[in-house]
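This is work_7.pdb. It holds PDB, C-alpha atoms and all ligand atoms.
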```pdb
MODEL        1
ATOM      1  CA  MET A 209       0.000   0.000   0.000  1.00  0.00           C
ATOM      2  CA  ARG A 210       1.082   3.548  -0.651  1.00  0.00           C
ATOM      3  CA  GLU A 211       1.535   5.898   2.256  1.00  0.00           C
ATOM      4  CA  GLU A 212      -0.968   8.486   0.951  1.00  0.00           C
ATOM      5  CA  GLU A 213      -3.563   5.764   0.549  1.00  0.00           C
ATOM      6  CA  TRP A 214      -3.109   4.635   4.149  1.00  0.00           C
ATOM      7  CA  LEU A 215      -3.190   8.205   5.485  1.00  0.00           C
ATOM      8  CA  GLY A 216      -6.517   8.666   3.709  1.00  0.00           C
ATOM      9  CA  ILE A 217      -7.913   5.575   5.450  1.00  0.00           C
ATOM     10  CA  LEU A 218      -6.478   6.592   8.831  1.00  0.00           C
ATOM     11  CA  SER A 219      -8.047  10.057   8.498  1.00  0.00           C
ATOM     12  CA  ARG A 220     -11.481   8.445   8.394  1.00  0.00           C
ATOM     13  CA  TYR A 221     -10.907   6.981  11.875  1.00  0.00           C
ATOM     14  CA  VAL A 222      -8.863   9.545  13.807  1.00  0.00           C
ATOM     15  CA  LYS A 223      -8.526  13.318  14.138  1.00  0.00           C
ATOM     16  CA  PRO A 224      -5.926  15.288  12.134  1.00  0.00           C
ATOM     17  CA  ALA A 225      -3.728  15.753  15.224  1.00  0.00           C
ATOM     18  CA  ARG A 226      -3.445  11.975  15.535  1.00  0.00           C
ATOM     19  CA  VAL A 227      -2.472  11.639  11.884  1.00  0.00           C
ATOM     20  CA  THR A 228       0.298  14.180  12.561  1.00  0.00           C
ATOM     21  CA  HIS A 229       1.295  12.202  15.681  1.00  0.00           C
ATOM     22  CA  SER A 230       1.374   8.974  13.629  1.00  0.00           C
ATOM     23  CA  LEU A 231       3.695  10.574  11.077  1.00  0.00           C
ATOM     24  CA  GLY A 232       5.934  11.767  13.916  1.00  0.00           C
ATOM     25  CA  VAL A 233       6.048   8.273  15.438  1.00  0.00           C
ATOM     26  CA  ALA A 234       6.767   6.760  12.005  1.00  0.00           C
ATOM     27  CA  GLN A 235       9.740   9.047  11.367  1.00  0.00           C
ATOM     28  CA  THR A 236      11.092   8.635  14.893  1.00  0.00           C
ATOM     29  CA  ALA A 237      10.705   4.839  14.744  1.00  0.00           C
ATOM     30  CA  ARG A 238      12.436   4.676  11.365  1.00  0.00           C
ATOM     31  CA  SER A 239      15.499   6.575  12.519  1.00  0.00           C
ATOM     32  CA  MET A 240      15.656   4.517  15.728  1.00  0.00           C
ATOM     33  CA  ALA A 241      15.422   1.310  13.663  1.00  0.00           C
ATOM     34  CA  GLU A 242      18.350   2.496  11.529  1.00  0.00           C
ATOM     35  CA  ARG A 243      20.339   3.182  14.682  1.00  0.00           C
ATOM     36  CA  PHE A 244      19.434   0.049  16.633  1.00  0.00           C
ATOM     37  CA  GLY A 245      19.405  -2.613  13.919  1.00  0.00           C
ATOM     38  CA  ALA A 246      15.713  -3.166  13.189  1.00  0.00           C
ATOM     39  CA  ASP A 247      13.905  -2.950   9.833  1.00  0.00           C
ATOM     40  CA  PRO A 248      13.483   0.812   9.157  1.00  0.00           C
ATOM     41  CA  GLU A 249      10.626   0.448   6.667  1.00  0.00           C
ATOM     42  CA  LYS A 250       8.677  -1.845   8.998  1.00  0.00           C
ATOM     43  CA  ALA A 251       9.260   0.557  11.880  1.00  0.00           C
ATOM     44  CA  TYR A 252       7.999   3.446   9.731  1.00  0.00           C
ATOM     45  CA  TRP A 253       4.805   1.588   8.834  1.00  0.00           C
ATOM     46  CA  ALA A 254       4.271   0.444  12.415  1.00  0.00           C
ATOM     47  CA  GLY A 255       4.310   4.129  13.368  1.00  0.00           C
ATOM     48  CA  LEU A 256       1.862   5.072  10.620  1.00  0.00           C
ATOM     49  CA  VAL A 257      -0.684   2.436  11.632  1.00  0.00           C
ATOM     50  CA  HIS A 258      -0.212   2.045  15.415  1.00  0.00           C
ATOM     51  CA  ASP A 259      -3.057   4.297  16.586  1.00  0.00           C
ATOM     52  CA  VAL A 260      -5.866   3.388  14.203  1.00  0.00           C
ATOM     53  CA  GLY A 261      -7.686   1.766  17.151  1.00  0.00           C
ATOM     54  CA  LYS A 262      -7.924   5.211  18.778  1.00  0.00           C
ATOM     55  CA  GLY A 263     -10.845   5.780  16.464  1.00  0.00           C
ATOM     56  CA  PHE A 264     -12.828   2.790  17.772  1.00  0.00           C
ATOM     57  CA  SER A 265     -15.739   3.290  20.195  1.00  0.00           C
ATOM     58  CA  PRO A 266     -15.544   1.759  23.714  1.00  0.00           C
ATOM     59  CA  PRO A 267     -18.149  -0.933  22.849  1.00  0.00           C
ATOM     60  CA  LEU A 268     -16.164  -1.903  19.736  1.00  0.00           C
ATOM     61  CA  LEU A 269     -12.929  -2.007  21.758  1.00  0.00           C
ATOM     62  CA  LEU A 270     -14.608  -4.299  24.296  1.00  0.00           C
ATOM     63  CA  GLU A 271     -15.888  -6.501  21.490  1.00  0.00           C
ATOM     64  CA  TYR A 272     -12.318  -6.918  20.232  1.00  0.00           C
ATOM     65  CA  ALA A 273     -11.214  -7.555  23.833  1.00  0.00           C
ATOM     66  CA  SER A 274     -13.636 -10.440  24.080  1.00  0.00           C
ATOM     67  CA  ARG A 275     -12.351 -11.944  20.827  1.00  0.00           C
ATOM     68  CA  LEU A 276      -8.771 -11.546  22.062  1.00  0.00           C
ATOM     69  CA  HIS A 277      -9.641 -13.042  25.479  1.00  0.00           C
ATOM     70  CA  LEU A 278      -8.731  -9.793  27.197  1.00  0.00           C
ATOM     71  CA  ASP A 279     -12.260  -9.080  28.412  1.00  0.00           C
ATOM     72  CA  LYS A 280     -11.813 -10.534  31.915  1.00  0.00           C
ATOM     73  CA  ASP A 281      -9.153  -7.921  32.614  1.00  0.00           C
ATOM     74  CA  PRO A 282     -10.635  -5.390  35.087  1.00  0.00           C
ATOM     75  CA  VAL A 283      -8.312  -2.579  33.957  1.00  0.00           C
ATOM     76  CA  TYR A 284      -9.302  -2.954  30.306  1.00  0.00           C
ATOM     77  CA  ARG A 285     -12.962  -3.047  31.311  1.00  0.00           C
ATOM     78  CA  ARG A 286     -12.533   0.145  33.322  1.00  0.00           C
ATOM     79  CA  VAL A 287     -10.377   1.920  30.675  1.00  0.00           C
ATOM     80  CA  PRO A 288     -11.311   0.480  27.251  1.00  0.00           C
ATOM     81  CA  SER A 289      -9.086   2.999  25.431  1.00  0.00           C
ATOM     82  CA  LEU A 290      -6.087   0.968  26.659  1.00  0.00           C
ATOM     83  CA  LEU A 291      -7.281  -1.711  24.213  1.00  0.00           C
ATOM     84  CA  HIS A 292      -6.636   0.408  21.106  1.00  0.00           C
ATOM     85  CA  GLY A 293      -3.345  -1.414  20.413  1.00  0.00           C
ATOM     86  CA  PRO A 294      -4.670  -4.996  20.494  1.00  0.00           C
ATOM     87  CA  ALA A 295      -7.922  -3.977  18.757  1.00  0.00           C
ATOM     88  CA  GLY A 296      -6.097  -1.996  16.062  1.00  0.00           C
ATOM     89  CA  SER A 297      -3.697  -4.866  15.455  1.00  0.00           C
ATOM     90  CA  LEU A 298      -6.505  -7.371  14.935  1.00  0.00           C
ATOM     91  CA  TRP A 299      -8.412  -4.908  12.736  1.00  0.00           C
ATOM     92  CA  LEU A 300      -5.351  -4.287  10.523  1.00  0.00           C
ATOM     93  CA  ARG A 301      -4.970  -8.033   9.952  1.00  0.00           C
ATOM     94  CA  GLU A 302      -8.633  -8.813   9.415  1.00  0.00           C
ATOM     95  CA  GLU A 303      -9.158  -5.901   7.028  1.00  0.00           C
ATOM     96  CA  GLY A 304      -6.271  -7.321   5.011  1.00  0.00           C
ATOM     97  CA  PHE A 305      -3.999  -4.293   5.383  1.00  0.00           C
ATOM     98  CA  PHE A 306      -1.076  -6.085   7.051  1.00  0.00           C
ATOM     99  CA  SER A 307      -0.105  -9.666   7.766  1.00  0.00           C
ATOM    100  CA  ASP A 308       3.446  -9.210   9.037  1.00  0.00           C
ATOM    101  CA  PRO A 309       3.444 -10.720  12.564  1.00  0.00           C
ATOM    102  CA  GLU A 310       6.275  -8.472  13.786  1.00  0.00           C
ATOM    103  CA  LEU A 311       4.484  -5.297  12.728  1.00  0.00           C
ATOM    104  CA  LEU A 312       1.162  -6.531  14.118  1.00  0.00           C
ATOM    105  CA  HIS A 313       2.734  -7.444  17.457  1.00  0.00           C
ATOM    106  CA  ALA A 314       4.416  -4.039  17.733  1.00  0.00           C
ATOM    107  CA  VAL A 315       1.010  -2.386  17.233  1.00  0.00           C
ATOM    108  CA  TYR A 316      -0.597  -4.819  19.705  1.00  0.00           C
ATOM    109  CA  ALA A 317       1.961  -4.069  22.429  1.00  0.00           C
ATOM    110  CA  HIS A 318       2.556  -0.343  21.942  1.00  0.00           C
ATOM    111  CA  THR A 319       0.581   0.824  25.007  1.00  0.00           C
ATOM    112  CA  ILE A 320       0.666  -2.199  27.346  1.00  0.00           C
ATOM    113  CA  PRO A 321       3.744  -4.368  26.731  1.00  0.00           C
ATOM    114  CA  ASP A 322       3.166  -7.985  25.746  1.00  0.00           C
ATOM    115  CA  LEU A 323       6.221 -10.114  26.510  1.00  0.00           C
ATOM    116  CA  PRO A 324       8.600 -10.840  24.972  1.00  0.00           C
ATOM    117  CA  MET A 325       9.146  -7.357  23.553  1.00  0.00           C
ATOM    118  CA  SER A 326      11.264  -7.467  20.393  1.00  0.00           C
ATOM    119  CA  ARG A 327      13.512  -4.678  19.207  1.00  0.00           C
ATOM    120  CA  LEU A 328      10.742  -3.397  16.918  1.00  0.00           C
ATOM    121  CA  ASP A 329       8.225  -3.557  19.810  1.00  0.00           C
ATOM    122  CA  ARG A 330      10.554  -1.492  21.978  1.00  0.00           C
ATOM    123  CA  ILE A 331      11.133   1.018  19.207  1.00  0.00           C
ATOM    124  CA  LEU A 332       7.423   1.620  18.604  1.00  0.00           C
ATOM    125  CA  PHE A 333       6.631   1.720  22.340  1.00  0.00           C
ATOM    126  CA  THR A 334       9.225   4.424  22.961  1.00  0.00           C
ATOM    127  CA  ALA A 335       8.941   6.347  19.650  1.00  0.00           C
ATOM    128  CA  ASP A 336       5.281   6.871  20.608  1.00  0.00           C
ATOM    129  CA  MET A 337       6.422   8.687  23.760  1.00  0.00           C
ATOM    130  CA  ILE A 338       9.134  10.897  22.246  1.00  0.00           C
ATOM    131  CA  GLU A 339       8.003  11.829  18.711  1.00  0.00           C
ATOM    132  CA  PRO A 340       8.530  15.541  17.902  1.00  0.00           C
ATOM    133  CA  ASN A 341       4.866  16.574  18.252  1.00  0.00           C
ATOM    134  CA  ARG A 342       4.613  15.360  21.871  1.00  0.00           C
ATOM    135  CA  LYS A 343       3.909  18.126  24.380  1.00  0.00           C
ATOM    136  CA  ALA A 344       6.648  18.524  26.973  1.00  0.00           C
ATOM    137  CA  TYR A 345       6.385  16.346  30.092  1.00  0.00           C
ATOM    138  CA  PRO A 346       8.839  15.654  32.923  1.00  0.00           C
ATOM    139  CA  GLY A 347      11.401  13.165  31.682  1.00  0.00           C
ATOM    140  CA  LEU A 348      10.852  13.738  27.955  1.00  0.00           C
ATOM    141  CA  THR A 349      14.301  15.279  27.441  1.00  0.00           C
ATOM    142  CA  GLU A 350      15.949  12.296  29.112  1.00  0.00           C
ATOM    143  CA  LEU A 351      14.020   9.836  26.925  1.00  0.00           C
ATOM    144  CA  ARG A 352      14.872  11.750  23.738  1.00  0.00           C
ATOM    145  CA  ASP A 353      18.506  11.792  24.749  1.00  0.00           C
ATOM    146  CA  LEU A 354      18.514   8.011  25.349  1.00  0.00           C
ATOM    147  CA  SER A 355      16.839   7.420  21.973  1.00  0.00           C
ATOM    148  CA  GLY A 356      20.139   8.333  20.351  1.00  0.00           C
ATOM    149  CA  LYS A 357      22.150   5.981  22.553  1.00  0.00           C
ATOM    150  CA  ASP A 358      20.630   2.916  24.153  1.00  0.00           C
ATOM    151  CA  LEU A 359      17.313   1.285  23.194  1.00  0.00           C
ATOM    152  CA  ASP A 360      17.021  -1.011  26.215  1.00  0.00           C
ATOM    153  CA  LYS A 361      17.792   1.746  28.686  1.00  0.00           C
ATOM    154  CA  LEU A 362      15.304   3.998  26.893  1.00  0.00           C
ATOM    155  CA  TYR A 363      12.617   1.314  27.061  1.00  0.00           C
ATOM    156  CA  PHE A 364      13.308   0.670  30.752  1.00  0.00           C
ATOM    157  CA  ARG A 365      13.151   4.375  31.650  1.00  0.00           C
ATOM    158  CA  ALA A 366       9.975   4.737  29.579  1.00  0.00           C
ATOM    159  CA  LEU A 367       8.324   1.944  31.602  1.00  0.00           C
ATOM    160  CA  GLN A 368       9.591   3.414  34.854  1.00  0.00           C
ATOM    161  CA  GLN A 369       8.289   6.893  33.958  1.00  0.00           C
ATOM    162  CA  THR A 370       4.915   5.533  32.840  1.00  0.00           C
ATOM    163  CA  LEU A 371       4.453   3.689  36.142  1.00  0.00           C
ATOM    164  CA  SER A 372       5.696   6.548  38.338  1.00  0.00           C
ATOM    165  CA  TYR A 373       3.526   9.086  36.532  1.00  0.00           C
ATOM    166  CA  ALA A 374       0.354   7.015  36.795  1.00  0.00           C
ATOM    167  CA  ILE A 375       0.905   6.073  40.435  1.00  0.00           C
ATOM    168  CA  SER A 376       1.773   9.630  41.501  1.00  0.00           C
ATOM    169  CA  ARG A 377      -1.458  10.898  39.939  1.00  0.00           C
ATOM    170  CA  GLY A 378      -3.593   8.143  41.403  1.00  0.00           C
ATOM    171  CA  GLN A 379      -4.303   6.643  37.997  1.00  0.00           C
ATOM    172  CA  VAL A 380      -4.960   3.009  37.222  1.00  0.00           C
ATOM    173  CA  VAL A 381      -1.846   1.004  36.327  1.00  0.00           C
ATOM    174  CA  HIS A 382      -2.143  -1.945  34.007  1.00  0.00           C
ATOM    175  CA  PRO A 383      -0.309  -4.985  35.464  1.00  0.00           C
ATOM    176  CA  GLY A 384       1.246  -5.605  32.035  1.00  0.00           C
ATOM    177  CA  THR A 385       3.349  -2.461  32.419  1.00  0.00           C
ATOM    178  CA  LEU A 386       4.587  -3.605  35.826  1.00  0.00           C
ATOM    179  CA  ILE A 387       5.277  -7.132  34.551  1.00  0.00           C
ATOM    180  CA  ALA A 388       7.377  -5.641  31.733  1.00  0.00           C
ATOM    181  CA  PHE A 389       9.233  -3.414  34.188  1.00  0.00           C
ATOM    182  CA  ASN A 390      10.073  -6.347  36.469  1.00  0.00           C
ATOM    183  CA  ASP A 391      11.040  -8.461  33.488  1.00  0.00           C
ATOM    184  CA  GLU A 392      13.530  -5.845  32.339  1.00  0.00           C
ATOM    185  CA  LEU A 393      15.122  -5.639  35.776  1.00  0.00           C
ATOM    186  CA  ILE A 394      15.386  -9.417  36.093  1.00  0.00           C
ATOM    187  CA  ARG A 395      16.523  -9.886  32.491  1.00  0.00           C
ATOM    188  CA  THR A 396      19.210  -7.230  32.766  1.00  0.00           C
ATOM    189  CA  LYS A 397      20.570  -8.783  35.941  1.00  0.00           C
ATOM    190  CA  THR A 398      20.726 -12.265  34.444  1.00  0.00           C
ATOM    191  CA  GLY A 399      22.109 -10.965  31.133  1.00  0.00           C
ATOM    192  CA  MET A 400      19.596 -12.767  28.903  1.00  0.00           C
ATOM    193  CA  GLU A 401      19.203 -11.810  25.240  1.00  0.00           C
ATOM    194  CA  VAL A 402      16.416  -9.512  24.040  1.00  0.00           C
ATOM    195  CA  ASP A 403      15.450 -10.847  20.650  1.00  0.00           C
TER     196      ASP A 403
HETATM  197 FE    FE A 501      -1.484   4.473  20.997  1.00  0.00          FE
HETATM  198 FE    FE A 502       0.459   6.879  19.595  1.00  0.00          FE
ENDMDL
END
```

Hey, can you dump this file as structure tokens for me?
Ligand SMILES: [Fe+2]
Ligand SMILES: [Fe+2]
Amino acid sequence: MREEEWLGILSRYVKPARVTHSLGVAQTARSMAERFGADPEKAYWAGLVHDVGKGFSPPLLLEYASRLHLDKDPVYRRVPSLLHGPAGSLWLREEGFFSDPELLHAVYAHTIPDLPMSRLDRILFTADMIEPNRKAYPGLTELRDLSGKDLDKLYFRALQQTLSYAISRGQVVHPGTLIAFNDELIRTKTGMEVD
């Protein structure tokens, strides 16, 4: 598919600001993929498509959750928007837009990590948080700085910041984020491989 064609489809589901955000994530993910040894074109497309599920209504998101066996999860039931990654991923496959399992998994896991997180998964997860159109937040400068140096450290700090931010504001934390955080700590200590 051509990029313009996809952007036309995406525009039917999400607001213009989210199309701009998607382009920012795509460009950021591509340059990170070049730097960290992932497929740059796949990273670019993962960025372009990752947020299509943002345009889905809560009932539709919960319908996808049931099909993906995520519907017993109390956090997803309380905050259906957290399902836009898994729902978008399934939609992209079923509509016949993409079949690449690596790309689809990166989309699936871009908000709540789904282990194991590949290099591409980590790139999309973090590019989403640091793309140029993001409004400033505490810790953004540090994450952008790490994006030029160390993917695993960037991913770890991104998880840590996400958890700290949510907890300090009294917001719901999805256990998947905490599981990923613990996994990184344990994995780093035991020196196991990422991919
Ligand atoms: Fe998203
Ligand atoms: Fe996003």

Review point. Of the candidates A:Ser274, A:Ser230, A:Asn341, A:Ser297, which shows the shortest atom-to-atom distance to ligand FE 502 (chain A), using all atoms listed in the file?
Key: A:Ser230

Return as an mmCIF file with C-alpha atoms, in the coordinates of the input the residues of protein, DNA or RNA that approach ligand FE 501 (chain A) to within 7 Å, with only C-alpha atoms and all ligand atoms taken into account.
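result_6.cif, written as the output of this step:
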```
data_model
loop_
_atom_site.group_PDB
_atom_site.id
_atom_site.type_symbol
_atom_site.label_atom_id
_atom_site.label_comp_id
_atom_site.auth_asym_id
_atom_site.auth_seq_id
_atom_site.Cartn_x
_atom_site.Cartn_y
_atom_site.Cartn_z
ATOM 1 C CA HIS A 258 -0.212 2.045 15.415
ATOM 2 C CA ASP A 259 -3.057 4.297 16.586
ATOM 3 C CA LYS A 262 -7.924 5.211 18.778
ATOM 4 C CA HIS A 292 -6.636 0.408 21.106
ATOM 5 C CA GLY A 293 -3.345 -1.414 20.413
ATOM 6 C CA HIS A 318 2.556 -0.343 21.942
ATOM 7 C CA THR A 319 0.581 0.824 25.007
#
```

Practice item. For ligand FE 502 (chain A), list the contacting residues at 12 Å or closer, counting only C-alpha atoms and all ligand atoms, as a VMD selection string. Key: chain A and resid 222 225 to 234 236 to 237 254 to 263 289 to 290 292 to 293 296 314 to 320 332 to 342

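Closest approach to Ala388 in chain A among A:Ile375, A:Pro321, A:Glu303, A:Leu348 is made by A:Pro321 (distances from only C-alpha atoms).
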
Check your understanding: If you count all atoms listed in the file, which residues fall within 10 Å of Arg365 in chain A, apart from same-chain ones fewer than 3 positions away, as a PyMOL selection string?
Key -> chain A and resi 334+347+350-351+354+359-362+368-371+389

Practice item. List the residues selected by the PyMOL selection byres (((chain A and resi 246) around 12) and not hetatm) in the file shown, writing them as a list in words. Key: Ala237, Arg238, Ser239, Met240, Ala241, Glu242, Arg243, Phe244, Gly245, Asp247, Pro248, Glu249, Lys250, Ala251, Tyr252, Glu310, Leu311, Ser326, Arg327, Leu328, Asp329, Arg330, Ile331, Leu332, Leu359 and Asp403 of chain A

Store the residues of this selection in a file with C-alpha atoms, as an mmCIF file, in the coordinates of the input.
```
data_model
loop_
_atom_site.group_PDB
_atom_site.id
_atom_site.type_symbol
_atom_site.label_atom_id
_atom_site.label_comp_id
_atom_site.auth_asym_id
_atom_site.auth_seq_id
_atom_site.Cartn_x
_atom_site.Cartn_y
_atom_site.Cartn_z
ATOM 1 C CA ALA A 237 10.705 4.839 14.744
ATOM 2 C CA ARG A 238 12.436 4.676 11.365
ATOM 3 C CA SER A 239 15.499 6.575 12.519
ATOM 4 C CA MET A 240 15.656 4.517 15.728
ATOM 5 C CA ALA A 241 15.422 1.310 13.663
ATOM 6 C CA GLU A 242 18.350 2.496 11.529
ATOM 7 C CA ARG A 243 20.339 3.182 14.682
ATOM 8 C CA PHE A 244 19.434 0.049 16.633
ATOM 9 C CA GLY A 245 19.405 -2.613 13.919
ATOM 10 C CA ASP A 247 13.905 -2.950 9.833
ATOM 11 C CA PRO A 248 13.483 0.812 9.157
ATOM 12 C CA GLU A 249 10.626 0.448 6.667
ATOM 13 C CA LYS A 250 8.677 -1.845 8.998
ATOM 14 C CA ALA A 251 9.260 0.557 11.880
ATOM 15 C CA TYR A 252 7.999 3.446 9.731
ATOM 16 C CA GLU A 310 6.275 -8.472 13.786
ATOM 17 C CA LEU A 311 4.484 -5.297 12.728
ATOM 18 C CA SER A 326 11.264 -7.467 20.393
ATOM 19 C CA ARG A 327 13.512 -4.678 19.207
ATOM 20 C CA LEU A 328 10.742 -3.397 16.918
ATOM 21 C CA ASP A 329 8.225 -3.557 19.810
ATOM 22 C CA ARG A 330 10.554 -1.492 21.978
ATOM 23 C CA ILE A 331 11.133 1.018 19.207
ATOM 24 C CA LEU A 332 7.423 1.620 18.604
ATOM 25 C CA LEU A 359 17.313 1.285 23.194
ATOM 26 C CA ASP A 403 15.450 -10.847 20.650
#
```

Check your understanding: For this file, the PyMOL selection byres (((chain A and resi 209) around 12) and not hetatm) selects which residues, as a list in words?
Key -> Arg210, Glu211, Glu212, Glu213, Trp214, Leu215, Gly216, Ile217, Trp253, Leu256, Val257, Gly304, Phe305 and Phe306 of chain A

With 12 Å as the threshold, what does the neighbourhood of (-10.3, -7.7, 26.0) contain in terms of residues, counting all atoms listed in the file? Coordinates are those of the file; answer as a PDB file with C-alpha atoms, in the frame of the given file.
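File produced: out-v9.pdb:
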```pdb
ATOM      1  CA  PRO A 266     -15.544   1.759  23.714  1.00  0.00           C
ATOM      2  CA  PRO A 267     -18.149  -0.933  22.849  1.00  0.00           C
ATOM      3  CA  LEU A 268     -16.164  -1.903  19.736  1.00  0.00           C
ATOM      4  CA  LEU A 269     -12.929  -2.007  21.758  1.00  0.00           C
ATOM      5  CA  LEU A 270     -14.608  -4.299  24.296  1.00  0.00           C
ATOM      6  CA  GLU A 271     -15.888  -6.501  21.490  1.00  0.00           C
ATOM      7  CA  TYR A 272     -12.318  -6.918  20.232  1.00  0.00           C
ATOM      8  CA  ALA A 273     -11.214  -7.555  23.833  1.00  0.00           C
ATOM      9  CA  SER A 274     -13.636 -10.440  24.080  1.00  0.00           C
ATOM     10  CA  ARG A 275     -12.351 -11.944  20.827  1.00  0.00           C
ATOM     11  CA  LEU A 276      -8.771 -11.546  22.062  1.00  0.00           C
ATOM     12  CA  HIS A 277      -9.641 -13.042  25.479  1.00  0.00           C
ATOM     13  CA  LEU A 278      -8.731  -9.793  27.197  1.00  0.00           C
ATOM     14  CA  ASP A 279     -12.260  -9.080  28.412  1.00  0.00           C
ATOM     15  CA  LYS A 280     -11.813 -10.534  31.915  1.00  0.00           C
ATOM     16  CA  ASP A 281      -9.153  -7.921  32.614  1.00  0.00           C
ATOM     17  CA  PRO A 282     -10.635  -5.390  35.087  1.00  0.00           C
ATOM     18  CA  VAL A 283      -8.312  -2.579  33.957  1.00  0.00           C
ATOM     19  CA  TYR A 284      -9.302  -2.954  30.306  1.00  0.00           C
ATOM     20  CA  ARG A 285     -12.962  -3.047  31.311  1.00  0.00           C
ATOM     21  CA  ARG A 286     -12.533   0.145  33.322  1.00  0.00           C
ATOM     22  CA  VAL A 287     -10.377   1.920  30.675  1.00  0.00           C
ATOM     23  CA  PRO A 288     -11.311   0.480  27.251  1.00  0.00           C
ATOM     24  CA  SER A 289      -9.086   2.999  25.431  1.00  0.00           C
ATOM     25  CA  LEU A 290      -6.087   0.968  26.659  1.00  0.00           C
ATOM     26  CA  LEU A 291      -7.281  -1.711  24.213  1.00  0.00           C
ATOM     27  CA  HIS A 292      -6.636   0.408  21.106  1.00  0.00           C
ATOM     28  CA  GLY A 293      -3.345  -1.414  20.413  1.00  0.00           C
ATOM     29  CA  PRO A 294      -4.670  -4.996  20.494  1.00  0.00           C
ATOM     30  CA  ALA A 295      -7.922  -3.977  18.757  1.00  0.00           C
ATOM     31  CA  LEU A 298      -6.505  -7.371  14.935  1.00  0.00           C
ATOM     32  CA  TYR A 316      -0.597  -4.819  19.705  1.00  0.00           C
TER      33      TYR A 316
END
```

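Relative to CA of Leu323 in chain A, CA of Val381 in chain A is found at 16.9 Å.
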
Exercise for review: Have a look at CA of Arg301 in chain A and CA of Lys223 in chain A and let me know their distance in Å, one decimal.
Suggested key: 22.0 Å
